[in-house]
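Have a look at my_file.csv below; it lists CSV, C-alpha atoms.
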chain,number,residue,atom,x,y,z
A,1,MET,CA,203.2,185.2,13.1
A,2,LYS,CA,202.0,183.6,9.9
A,3,ARG,CA,201.2,187.1,8.5
A,4,ILE,CA,204.9,188.2,8.9
A,5,ILE,CA,206.5,185.3,7.0
A,6,PRO,CA,207.0,187.5,3.9
A,7,LEU,CA,208.8,190.0,6.1
A,8,LEU,CA,211.0,187.2,7.4
A,9,ILE,CA,211.9,186.2,3.9
A,10,LEU,CA,213.0,189.8,3.3
A,11,LEU,CA,214.9,189.9,6.5
A,12,GLY,CA,216.6,186.6,5.8
A,13,ILE,CA,217.0,185.5,2.2
A,14,PHE,CA,217.6,188.8,0.3
A,15,PRO,CA,220.4,190.2,2.5
A,16,ASP,CA,221.9,186.8,3.2
A,17,ILE,CA,222.2,186.0,-0.5
A,18,TYR,CA,223.5,189.4,-1.3
A,19,VAL,CA,226.2,189.4,1.4
A,20,TRP,CA,227.2,185.9,0.6
A,21,ALA,CA,227.6,186.6,-3.1
A,22,MET,CA,229.4,189.9,-2.7
A,23,TYR,CA,231.7,189.2,0.3
A,24,LEU,CA,231.8,185.6,1.5
A,25,ASP,CA,231.5,183.3,-1.5
A,26,GLU,CA,235.2,183.5,-2.4
A,27,MET,CA,236.5,183.3,1.2
A,28,SER,CA,238.3,180.1,2.1
A,29,THR,CA,237.4,180.0,5.8
A,30,PRO,CA,234.8,177.3,6.7
A,31,PHE,CA,233.4,179.8,9.3
A,32,ARG,CA,231.8,181.7,6.6
A,33,TRP,CA,228.9,179.2,6.7
A,34,LEU,CA,227.9,180.7,10.2
A,35,HIS,CA,226.6,183.6,8.1
A,36,TRP,CA,223.4,181.6,7.5
A,37,LEU,CA,222.9,180.6,11.1
A,38,PRO,CA,220.8,183.6,12.4
A,39,SER,CA,218.3,183.3,9.6
A,40,ALA,CA,218.0,179.6,10.0
A,41,VAL,CA,217.3,179.9,13.7
A,42,LEU,CA,214.8,182.7,13.1
A,43,LEU,CA,212.8,180.7,10.6
A,44,ALA,CA,213.1,177.6,12.8
A,45,SER,CA,211.7,179.5,15.8
A,46,VAL,CA,208.7,180.7,13.7
A,47,ALA,CA,208.0,177.1,12.6
A,48,TRP,CA,208.2,175.8,16.1
A,49,VAL,CA,205.9,178.4,17.6
A,50,ASN,CA,203.3,177.9,14.8
A,51,LEU,CA,203.5,174.2,14.5
A,52,VAL,CA,204.6,172.7,17.8
A,53,SER,CA,204.1,174.9,20.9
A,54,TYR,CA,204.2,178.5,22.1
A,55,SER,CA,207.4,179.4,23.9
A,56,LYS,CA,208.2,182.8,25.5
A,57,LYS,CA,211.9,182.1,25.2
A,58,LEU,CA,211.6,181.3,21.5
A,59,LEU,CA,209.5,184.4,21.0
A,60,ARG,CA,212.2,186.6,22.7
A,61,LEU,CA,214.9,184.9,20.6
A,62,PHE,CA,212.9,185.6,17.5
A,63,PHE,CA,212.5,189.3,18.2
A,64,PHE,CA,216.2,189.6,19.2
A,65,LEU,CA,217.2,188.1,15.8
A,66,VAL,CA,214.8,190.3,13.9
A,67,LEU,CA,215.7,193.5,15.6
A,68,CYS,CA,219.5,193.1,16.2
A,69,ILE,CA,220.5,191.0,13.2
A,70,GLY,CA,217.7,190.9,10.6
A,71,ILE,CA,216.9,194.7,10.3
A,72,PRO,CA,220.5,195.9,10.5
A,73,LYS,CA,221.4,193.3,7.8
A,74,VAL,CA,218.6,194.6,5.5
A,75,ILE,CA,219.8,198.2,6.0
A,76,PHE,CA,223.4,197.3,5.1
A,77,ALA,CA,222.5,195.1,2.2
A,78,THR,CA,220.1,197.8,0.8
A,79,PHE,CA,222.6,200.7,0.9
A,80,SER,CA,225.4,198.5,-0.3
A,81,CYS,CA,223.4,197.2,-3.3
A,82,VAL,CA,222.3,200.7,-4.3
A,83,GLY,CA,225.8,201.9,-4.0
A,84,ASN,CA,227.1,199.1,-6.2
A,85,LEU,CA,224.4,199.7,-8.8
A,86,CYS,CA,225.1,203.5,-8.9
A,87,GLY,CA,228.9,203.0,-9.1
A,88,TYR,CA,229.6,204.2,-5.5
A,89,ALA,CA,230.3,200.9,-3.8
A,90,ALA,CA,232.5,202.3,-1.1
A,91,ILE,CA,230.1,205.0,-0.2
A,92,GLY,CA,227.2,202.6,-0.1
A,93,ASP,CA,229.1,200.2,2.1
A,94,ALA,CA,230.1,202.9,4.5
A,95,LEU,CA,226.6,204.4,4.7
A,96,GLY,CA,225.1,200.9,5.1
A,97,LEU,CA,227.5,200.0,7.9
A,98,THR,CA,226.9,203.3,9.7
A,99,LEU,CA,223.1,203.1,9.6
A,100,SER,CA,223.0,199.4,10.4
A,101,GLY,CA,225.3,200.0,13.4
A,102,ILE,CA,223.0,202.8,14.7
A,103,ALA,CA,220.0,200.6,14.3
A,104,LEU,CA,221.7,197.8,16.2
A,105,LEU,CA,222.6,200.1,19.1
A,106,CYS,CA,219.0,201.5,19.2
A,107,PHE,CA,217.4,198.0,19.2
A,108,ALA,CA,219.9,196.7,21.7
A,109,TYR,CA,219.0,199.6,24.0
A,110,GLY,CA,215.3,198.9,23.6
A,111,LEU,CA,215.8,195.2,24.4
A,112,ILE,CA,218.0,195.7,27.5
A,113,TRP,CA,216.8,199.0,29.0
A,114,GLY,CA,214.1,200.7,27.0
A,115,TRP,CA,211.2,198.5,28.3
A,116,ARG,CA,212.1,199.5,31.9
A,117,HIS,CA,212.1,203.3,31.2
A,118,VAL,CA,208.7,204.3,32.5
A,119,VAL,CA,207.7,207.9,31.8
A,120,VAL,CA,204.8,210.2,32.5
A,121,LYS,CA,202.9,212.1,29.8
A,122,ARG,CA,200.6,215.0,30.6
A,123,THR,CA,197.7,216.0,28.4
A,124,THR,CA,194.9,218.6,28.9
A,125,ILE,CA,191.5,218.1,27.3
A,126,VAL,CA,189.1,221.1,27.1
A,127,SER,CA,185.4,220.7,26.7
A,128,ALA,CA,182.4,223.0,27.0
A,129,ASP,CA,180.3,220.0,28.2
A,130,LEU,CA,182.5,219.4,31.3
A,131,PRO,CA,180.5,220.3,34.5
A,132,ASP,CA,182.1,223.1,36.6
A,133,ALA,CA,182.7,220.8,39.6
A,134,PHE,CA,185.0,218.7,37.4
A,135,ASP,CA,187.2,221.5,36.1
A,136,GLY,CA,190.7,220.3,36.7
A,137,TYR,CA,189.7,216.7,37.2
A,138,ARG,CA,192.8,214.4,36.8
A,139,ILE,CA,192.8,211.0,35.2
A,140,ALA,CA,195.6,208.5,35.3
A,141,GLN,CA,195.4,206.2,32.3
A,142,ILE,CA,197.3,203.0,32.4
A,143,THR,CA,197.1,200.4,29.6
A,144,ASP,CA,198.6,197.3,28.1
A,145,ILE,CA,200.7,196.0,31.1
A,146,HIS,CA,201.2,192.5,29.6
A,147,ALA,CA,202.4,191.3,32.9
A,148,GLY,CA,204.1,188.1,31.6
A,149,SER,CA,206.7,190.3,29.8
A,150,PHE,CA,207.8,191.8,33.2
A,151,ALA,CA,208.7,188.6,35.0
A,152,MET,CA,212.3,189.6,34.9
A,153,SER,CA,211.7,193.1,36.4
A,154,THR,CA,209.0,193.6,39.1
A,155,GLU,CA,210.6,197.0,39.7
A,156,THR,CA,209.3,198.3,36.4
A,157,LEU,CA,205.7,197.9,37.4
A,158,ARG,CA,206.5,199.1,40.9
A,159,LYS,CA,207.7,202.3,39.3
A,160,MET,CA,204.6,202.5,37.2
A,161,VAL,CA,202.4,202.4,40.3
A,162,ARG,CA,204.6,204.8,42.1
A,163,LEU,CA,204.4,207.4,39.3
A,164,ALA,CA,200.6,207.0,38.9
A,165,ASN,CA,200.0,207.5,42.7
A,166,LYS,CA,202.6,210.3,42.9
A,167,ASN,CA,200.6,212.4,40.5
A,168,HIS,CA,197.5,212.3,42.8
A,169,PRO,CA,194.8,211.5,40.1
A,170,ASP,CA,191.2,211.7,41.0
A,171,VAL,CA,190.6,208.4,39.2
A,172,ILE,CA,192.7,205.7,37.6
A,173,LEU,CA,191.5,204.0,34.4
A,174,PHE,CA,193.1,200.8,33.0
A,175,THR,CA,192.2,200.2,29.4
A,176,GLY,CA,193.0,196.6,28.9
A,177,ASP,CA,195.6,193.8,28.3
A,178,LEU,CA,196.7,193.1,31.8
A,179,VAL,CA,198.3,189.8,30.7
A,180,ASN,CA,199.7,188.1,27.6
A,181,THR,CA,198.2,184.6,27.9
A,182,SER,CA,197.4,183.6,31.5
A,183,PRO,CA,196.2,185.2,34.7
A,184,TYR,CA,199.0,183.4,36.6
A,185,GLU,CA,201.5,185.9,35.0
A,186,LEU,CA,200.2,188.2,37.7
A,187,ASP,CA,201.5,186.1,40.6
A,188,PRO,CA,204.6,188.3,41.2
A,189,PHE,CA,202.6,191.6,40.9
A,190,ASP,CA,199.6,191.1,43.1
A,191,ASN,CA,200.8,193.3,45.9
A,192,ILE,CA,202.1,195.9,43.4
A,193,LEU,CA,199.0,196.3,41.4
A,194,SER,CA,196.8,196.4,44.5
A,195,SER,CA,198.7,199.5,45.5
A,196,LEU,CA,197.1,201.7,42.9
A,197,ARG,CA,195.1,204.4,44.7
A,198,ALA,CA,192.7,207.2,43.7
A,199,PRO,CA,189.9,208.9,45.6
A,200,ASP,CA,187.3,208.0,43.0
A,201,GLY,CA,188.6,204.4,42.5
A,202,VAL,CA,190.4,202.3,39.9
A,203,TYR,CA,188.3,201.1,36.9
A,204,SER,CA,189.3,198.7,34.2
A,205,VAL,CA,188.1,197.0,31.0
A,206,LEU,CA,189.3,193.9,29.2
A,207,GLY,CA,191.6,193.9,26.2
A,208,ASN,CA,192.0,191.2,23.6
A,209,HIS,CA,194.7,189.4,25.5
A,210,ASP,CA,192.7,189.3,28.7
A,211,TYR,CA,190.3,186.7,27.3
A,212,CYS,CA,193.3,184.3,27.5
A,213,CYS,CA,192.8,183.0,24.0
A,214,TYR,CA,196.4,183.1,22.7
A,215,ALA,CA,197.9,180.2,24.7
A,216,ARG,CA,198.2,177.1,22.5
A,217,ARG,CA,196.0,174.2,23.4
A,218,HIS,CA,193.6,176.3,25.4
A,219,ASP,CA,190.1,175.0,24.9
A,220,ALA,CA,186.9,177.0,25.6
A,221,ASP,CA,186.6,175.7,29.1
A,222,SER,CA,190.2,176.6,30.1
A,223,GLN,CA,189.9,180.0,28.5
A,224,LEU,CA,186.7,180.7,30.6
A,225,LYS,CA,188.4,179.5,33.7
A,226,SER,CA,191.4,181.8,33.0
A,227,LEU,CA,189.1,184.7,32.4
A,228,ARG,CA,187.3,184.1,35.7
A,229,GLU,CA,190.6,184.0,37.5
A,230,LEU,CA,191.7,187.3,35.8
A,231,ILE,CA,188.4,188.9,36.9
A,232,ALA,CA,188.9,187.7,40.4
A,233,ARG,CA,192.4,189.1,40.5
A,234,GLN,CA,191.2,192.5,39.5
A,235,LYS,CA,188.5,192.4,42.2
A,236,MET,CA,191.2,191.4,44.7
A,237,TYR,CA,193.3,194.5,43.7
A,238,GLY,CA,190.3,196.7,44.4
A,239,TRP,CA,189.7,197.5,40.8
A,240,ARG,CA,186.1,197.8,39.4
A,241,LEU,CA,186.0,195.9,36.0
A,242,LEU,CA,183.4,197.4,33.7
A,243,ARG,CA,182.0,194.9,31.2
A,244,ASN,CA,179.6,196.8,29.1
A,245,GLU,CA,178.5,198.9,32.1
A,246,ASN,CA,179.2,202.3,33.7
A,247,VAL,CA,179.6,204.1,37.0
A,248,VAL,CA,178.5,207.7,37.7
A,249,ILE,CA,180.8,210.0,39.7
A,250,SER,CA,179.3,213.0,41.5
A,251,ARG,CA,180.6,216.3,42.8
A,252,GLY,CA,177.6,218.0,44.4
A,253,ASP,CA,174.9,218.2,41.8
A,254,ASP,CA,177.4,217.7,38.9
A,255,GLU,CA,178.0,214.2,37.4
A,256,ILE,CA,180.2,212.5,34.9
A,257,ALA,CA,180.0,208.9,33.7
A,258,ILE,CA,182.8,206.4,33.4
A,259,ILE,CA,181.8,203.8,30.8
A,260,GLY,CA,183.6,200.6,30.0
A,261,VAL,CA,183.0,198.2,27.1
A,262,GLU,CA,184.5,194.8,26.4
A,263,ASN,CA,187.0,194.4,23.7
A,264,GLU,CA,185.8,195.5,20.3
A,265,GLY,CA,188.3,194.8,17.5
A,266,LYS,CA,188.3,193.9,13.8
A,267,PRO,CA,189.1,190.2,13.1
A,268,PRO,CA,191.1,188.4,14.3
A,269,PHE,CA,190.5,190.3,17.6
A,270,PRO,CA,187.5,189.5,19.8
A,271,ALA,CA,184.4,191.7,19.5
A,272,TYR,CA,182.2,191.6,22.6
A,273,ALA,CA,181.3,195.3,23.1
A,274,ASP,CA,177.7,196.3,23.7
A,275,LEU,CA,177.9,200.1,23.6
A,276,PRO,CA,174.2,200.9,24.1
A,277,LYS,CA,174.1,198.6,27.1
A,278,ALA,CA,177.3,200.2,28.5
A,279,MET,CA,175.8,203.7,28.1
A,280,ASP,CA,172.4,202.9,29.6
A,281,GLY,CA,171.6,205.3,32.5
A,282,THR,CA,174.3,207.8,31.6
A,283,GLU,CA,171.9,210.1,29.7
A,284,ARG,CA,171.7,212.6,32.6
A,285,CYS,CA,175.5,213.0,32.6
A,286,ALA,CA,176.8,216.1,30.7
A,287,PHE,CA,180.2,214.5,30.2
A,288,ARG,CA,181.0,210.9,29.5
A,289,ILE,CA,184.3,209.0,29.4
A,290,LEU,CA,184.5,205.7,27.6
A,291,MET,CA,187.2,203.1,28.0
A,292,SER,CA,187.5,200.9,24.9
A,293,HIS,CA,190.7,199.0,24.4
A,294,ASP,CA,191.0,199.1,20.6
A,295,PRO,CA,191.1,202.6,19.1
A,296,SER,CA,189.6,201.4,15.8
A,297,HIS,CA,186.3,201.2,17.7
A,298,TRP,CA,186.2,205.0,17.7
A,299,HIS,CA,185.5,205.5,14.0
A,300,ARG,CA,183.7,202.2,13.7
A,301,GLU,CA,180.9,202.8,16.2
A,302,ILE,CA,181.6,205.4,18.9
A,303,LEU,CA,181.6,208.5,16.7
A,304,PRO,CA,178.7,207.6,14.4
A,305,GLU,CA,176.4,206.1,17.1
A,306,SER,CA,177.1,208.0,20.3
A,307,ASP,CA,177.9,211.5,21.6
A,308,ILE,CA,180.6,210.4,24.1
A,309,GLN,CA,183.1,213.3,24.6
A,310,LEU,CA,186.2,211.3,25.5
A,311,THR,CA,187.3,207.8,24.6
A,312,LEU,CA,190.5,206.3,26.1
A,313,SER,CA,192.2,203.4,24.3
A,314,GLY,CA,195.5,201.5,24.1
A,315,HIS,CA,196.2,198.3,22.1
A,316,THR,CA,198.7,199.7,19.5
A,317,HIS,CA,201.7,200.2,21.9
A,318,ALA,CA,202.9,202.6,19.1
A,319,ALA,CA,204.4,199.3,17.8
A,320,GLN,CA,206.8,199.7,20.8
A,321,LEU,CA,209.1,201.6,18.4
A,322,LYS,CA,208.9,205.3,17.7
A,323,ILE,CA,211.5,207.6,16.2
A,324,GLY,CA,210.3,211.2,16.2
A,325,HIS,CA,206.8,211.0,14.7
A,326,PHE,CA,207.5,207.8,12.8
A,327,THR,CA,206.3,204.4,14.1
A,328,PRO,CA,205.4,201.2,12.2
A,329,ALA,CA,202.0,201.4,13.9
A,330,ARG,CA,201.0,204.1,11.3
A,331,PHE,CA,200.8,201.4,8.7
A,332,VAL,CA,198.1,199.5,10.7
A,333,TYR,CA,196.1,202.1,12.7
A,334,SER,CA,194.8,205.5,11.6
A,335,GLU,CA,194.8,206.4,15.3
A,336,TRP,CA,197.8,204.8,16.9
A,337,GLY,CA,199.0,207.2,19.7
A,338,GLY,CA,198.2,210.5,21.3
A,339,LEU,CA,195.2,212.8,21.1
A,340,TYR,CA,192.7,212.9,18.2
A,341,LYS,CA,189.8,215.3,17.9
A,342,GLU,CA,186.7,215.4,15.7
A,343,ASP,CA,183.8,217.9,16.3
A,344,ASP,CA,184.8,218.5,20.0
A,345,ARG,CA,185.0,214.8,20.7
A,346,TYR,CA,188.3,213.3,21.7
A,347,LEU,CA,190.2,210.0,21.5
A,348,TYR,CA,193.3,209.5,23.5
A,349,VAL,CA,195.5,206.5,22.6
A,350,SER,CA,198.2,205.6,25.1
A,351,ASP,CA,201.5,204.0,24.1
A,352,GLY,CA,200.9,201.7,27.1
A,353,ILE,CA,203.3,200.0,29.5
A,354,GLY,CA,204.4,196.6,28.1
A,355,GLY,CA,204.0,194.3,25.2
A,356,THR,CA,204.1,190.7,24.2
A,357,PHE,CA,207.9,190.8,24.4
A,358,PRO,CA,210.2,193.1,26.5
A,359,PHE,CA,211.3,195.8,24.0
A,360,ARG,CA,210.7,199.5,23.7
A,361,PHE,CA,212.5,202.3,21.9
A,362,GLY,CA,211.0,205.8,21.7
A,363,ALA,CA,207.6,204.6,22.6
A,364,TRP,CA,208.6,204.3,26.2
A,365,PRO,CA,206.3,202.7,28.9
A,366,THR,CA,203.9,205.5,29.7
A,367,VAL,CA,201.6,206.5,32.5
A,368,GLU,CA,199.2,209.1,31.1
A,369,ILE,CA,198.0,212.0,33.3
A,370,ILE,CA,195.0,213.6,31.6
A,371,THR,CA,193.5,216.8,33.1
A,372,LEU,CA,190.0,217.8,32.1
A,373,LYS,CA,189.4,221.6,31.8
A,374,LYS,CA,186.1,223.5,31.3
A,375,LYS,CA,186.0,225.5,28.1
A,376,ARG,CA,184.7,229.0,29.0
A,377,SER,CA,182.9,231.2,26.6
A,378,SER,CA,184.8,234.3,25.5
A,379,GLY,CA,182.3,236.5,27.4
A,380,ALA,CA,182.6,234.5,30.6
Please render this file's structure as structure tokens.
Amino acid sequence: MKRIIPLLILLGIFPDIYVWAMYLDEMSTPFRWLHWLPSAVLLASVAWVNLVSYSKKLLRLFFFLVLCIGIPKVIFATFSCVGNLCGYAAIGDALGLTLSGIALLCFAYGLIWGWRHVVVKRTTIVSADLPDAFDGYRIAQITDIHAGSFAMSTETLRKMVRLANKNHPDVILFTGDLVNTSPYELDPFDNILSSLRAPDGVYSVLGNHDYCCYARRHDADSQLKSLRELIARQKMYGWRLLRNENVVISRGDDEIAIIGVENEGKPPFPAYADLPKAMDGTERCAFRILMSHDPSHWHREILPESDIQLTLSGHTHAAQLKIGHFTPARFVYSEWGGLYKEDDRYLYVSDGIGGTFPFRFGAWPTVEIITLKKKRSSGA
């Protein structure tokens, strides 16, 4: 959160000073001082989380204040200020109020209902390398559940499982971030997650949150204990966790490989992937699918050092906010969501299911159904 303190100053100080000076300073009511309260609480919550202790309730309060008060306030103050500078104060105020009201309604929807609105996306990937026996092979990709954020709504993850199973995938691939900070976030969901079913199994990898390194006052021993518990939970669900390893799936004489690496991120995210080790033994497979949580791994190592045809990632959540093709994730990741292709090699980045706090607008919680198709030559 330290990296976003400049943004908090923008969200708090600039619009607060502007609105006070323009509209409240000359008012006689003592209640005008309540104008400063949301920004004071916002900054106090940041200080508490960074200096005292991590708190889910404070984190949710923080995001509520940013989304439903801070950003609408910046929108109003910006348009009002420009209107005053250009000599169109009434137009600036009216436009500012309208747009800030729309933003408030959108963010309120995302906080109350949007994070429960699970959808299915369907994508087809065509490759000449795909063996004939796997033409039409269906993958359900699930990623970034962040179970701790769903404690208020077990029904959301139940719907996720129902939609995944309903689409009858051949295999289910989970690409990391099962929890926020602790494996015990999974307690309400054990029976739900163990209900995921596919003929070729459920395979998973670890995301940065799965190493349980974000809880304050967690030493190395407690982190290792939490990681072991998380691994044990996945085994209990019937999932096969791939930690720099692979599994080969056969259809007659045809084979494809499912490869999984540990998280590979740029600082401050953990980097434990060993791609050569994970690929070992898959040379005989004509088509290989890699699960790597962080999509930045694709350009950093996967493209230059392997010939893997399809990489599946998550991690970005599309910033949990998407309006049309715009998302703040664009400013951080070159590959933030959807399908990317370079020289007949693909990366698919899912928007994921959850996040570190319960909010989604536009970037709805998503179960991905990916169908593999054999590319035929024009003369075939």
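Here atom CA of A:Phe62 is placed at a distance of 6.4 Å from atom CA of A:Ser45.
For the choices A:Arg251, A:His146, A:Arg376, A:Arg345, the atom-to-atom distance to A:Gln309 is smallest for A:Arg345 when using only C-alpha atoms.
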Have a look at A:Gln234, A:Thr98, A:Thr143, A:Asn191 and name the one nearest to A:Gly314; count only C-alpha atoms. A:Thr143
What's around A:Leu34 at 12 Å? Count all atoms listed in the file, leave out sequence neighbours fewer than 5 positions away in its own chain, and write the answer as an mmCIF file with C-alpha atoms, keeping the file's coordinate frame.
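As written to disk, selection15.cif reads:
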data_model
loop_
_atom_site.group_PDB
_atom_site.id
_atom_site.type_symbol
_atom_site.label_atom_id
_atom_site.label_comp_id
_atom_site.auth_asym_id
_atom_site.auth_seq_id
_atom_site.Cartn_x
_atom_site.Cartn_y
_atom_site.Cartn_z
ATOM 1 C CA ASP A 16 221.900 186.800 3.200
ATOM 2 C CA TRP A 20 227.200 185.900 0.600
ATOM 3 C CA LEU A 24 231.800 185.600 1.500
ATOM 4 C CA THR A 29 237.400 180.000 5.800
ATOM 5 C CA SER A 39 218.300 183.300 9.600
ATOM 6 C CA ALA A 40 218.000 179.600 10.000
ATOM 7 C CA VAL A 41 217.300 179.900 13.700
#
As a PyMOL selection string, please: the residues near A:Gly96 (cut-off 8 Å, all atoms listed in the file, same-chain neighbours under 5 positions excluded). chain A and resi 75-80
Select, from A:Arg138, A:Arg197, A:Lys225, A:Lys73, the residue with the minimum atom-to-atom distance to A:Pro183, counting all atoms listed in the file. A:Lys225
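Distances from A:Lys341, A:Lys375, A:Arg243, A:His317 to A:Ser292 were compared using all atoms listed in the file, and the smallest one belongs to A:Arg243.
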Select all residues near (185.0, 203.8, 17.6) (cut-off 12 Å, inclusive, file coordinates), counting only C-alpha atoms, and output them as a ChimeraX atom specification. /A:261,263-266,273,275,290-313,334-335,340,342,345-349
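When all atoms listed in the file are used to compute distances to A:Ile125, the closest of the residues A:Met160, A:Leu61, A:Ala89, A:Ile139 turns out to be A:Ile139.
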Closest of A:Pro169, A:Gly207, A:Pro267, A:Pro358 to A:Thr181 - atom-to-atom distances counting only C-alpha atoms: A:Gly207
Spatial neighbours of A:Ile172, 6 Å, all atoms listed in the file, chain gap at least 6 places, as an mmCIF file with C-alpha atoms, keeping the file's coordinate frame:
data_model
loop_
_atom_site.group_PDB
_atom_site.id
_atom_site.type_symbol
_atom_site.label_atom_id
_atom_site.label_comp_id
_atom_site.auth_asym_id
_atom_site.auth_seq_id
_atom_site.Cartn_x
_atom_site.Cartn_y
_atom_site.Cartn_z
ATOM 1 C CA ILE A 139 192.800 211.000 35.200
ATOM 2 C CA ALA A 140 195.600 208.500 35.300
ATOM 3 C CA GLN A 141 195.400 206.200 32.300
ATOM 4 C CA VAL A 202 190.400 202.300 39.900
#
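For the pair atom CA of A:Leu104 and atom CA of A:Pro72, the interatomic distance is 6.1 Å.
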Point-to-point distance in Å for atom CA of A:Gly148 and atom CA of A:Leu224: 18.9 Å
Closest contacts (stretch 165-252 of chain A/stretch 131-134 of chain A, max 12 Å, all atoms listed in the file) as CSV:
residue,atom,partner,partner_atom,distance
A:Asp170,CA,A:Phe134,CA,10.0
A:Val171,CA,A:Phe134,CA,11.9
A:Ile249,CA,A:Phe134,CA,9.9
A:Ser250,CA,A:Ala133,CA,8.7
A:Arg251,CA,A:Ala133,CA,5.9
A:Gly252,CA,A:Ala133,CA,7.5
So that I can see what lies close to A:Asp177, please list as a list in words the residues with an atom at most 8 Å from it, counting all atoms listed in the file and leaving out residues fewer than 6 positions away in the same chain. Thr143, Asp144, Ile145, His146, Leu206, Gly207, Asn208, His209, Asp210 and His315 of chain A
Around the point (201.3, 211.6, 40.0), in the coordinates given by the file, pick out the residues reaching within 10 Å, counting only C-alpha atoms, and return them as a ChimeraX atom specification. /A:120,138-140,161-169,367-369
With a distance cut-off of 12 Å and only C-alpha atoms, select the neighbouring residues of A:Arg228, excluding the residue or stretch itself and same-chain residues fewer than 5 positions from it, and output the selection as a list of chain:residue names. A:Ser182, A:Pro183, A:Tyr184, A:Leu206, A:Asp210, A:Tyr211, A:Cys212, A:Asp221, A:Ser222, A:Gln223, A:Arg233, A:Gln234, A:Lys235, A:Leu241
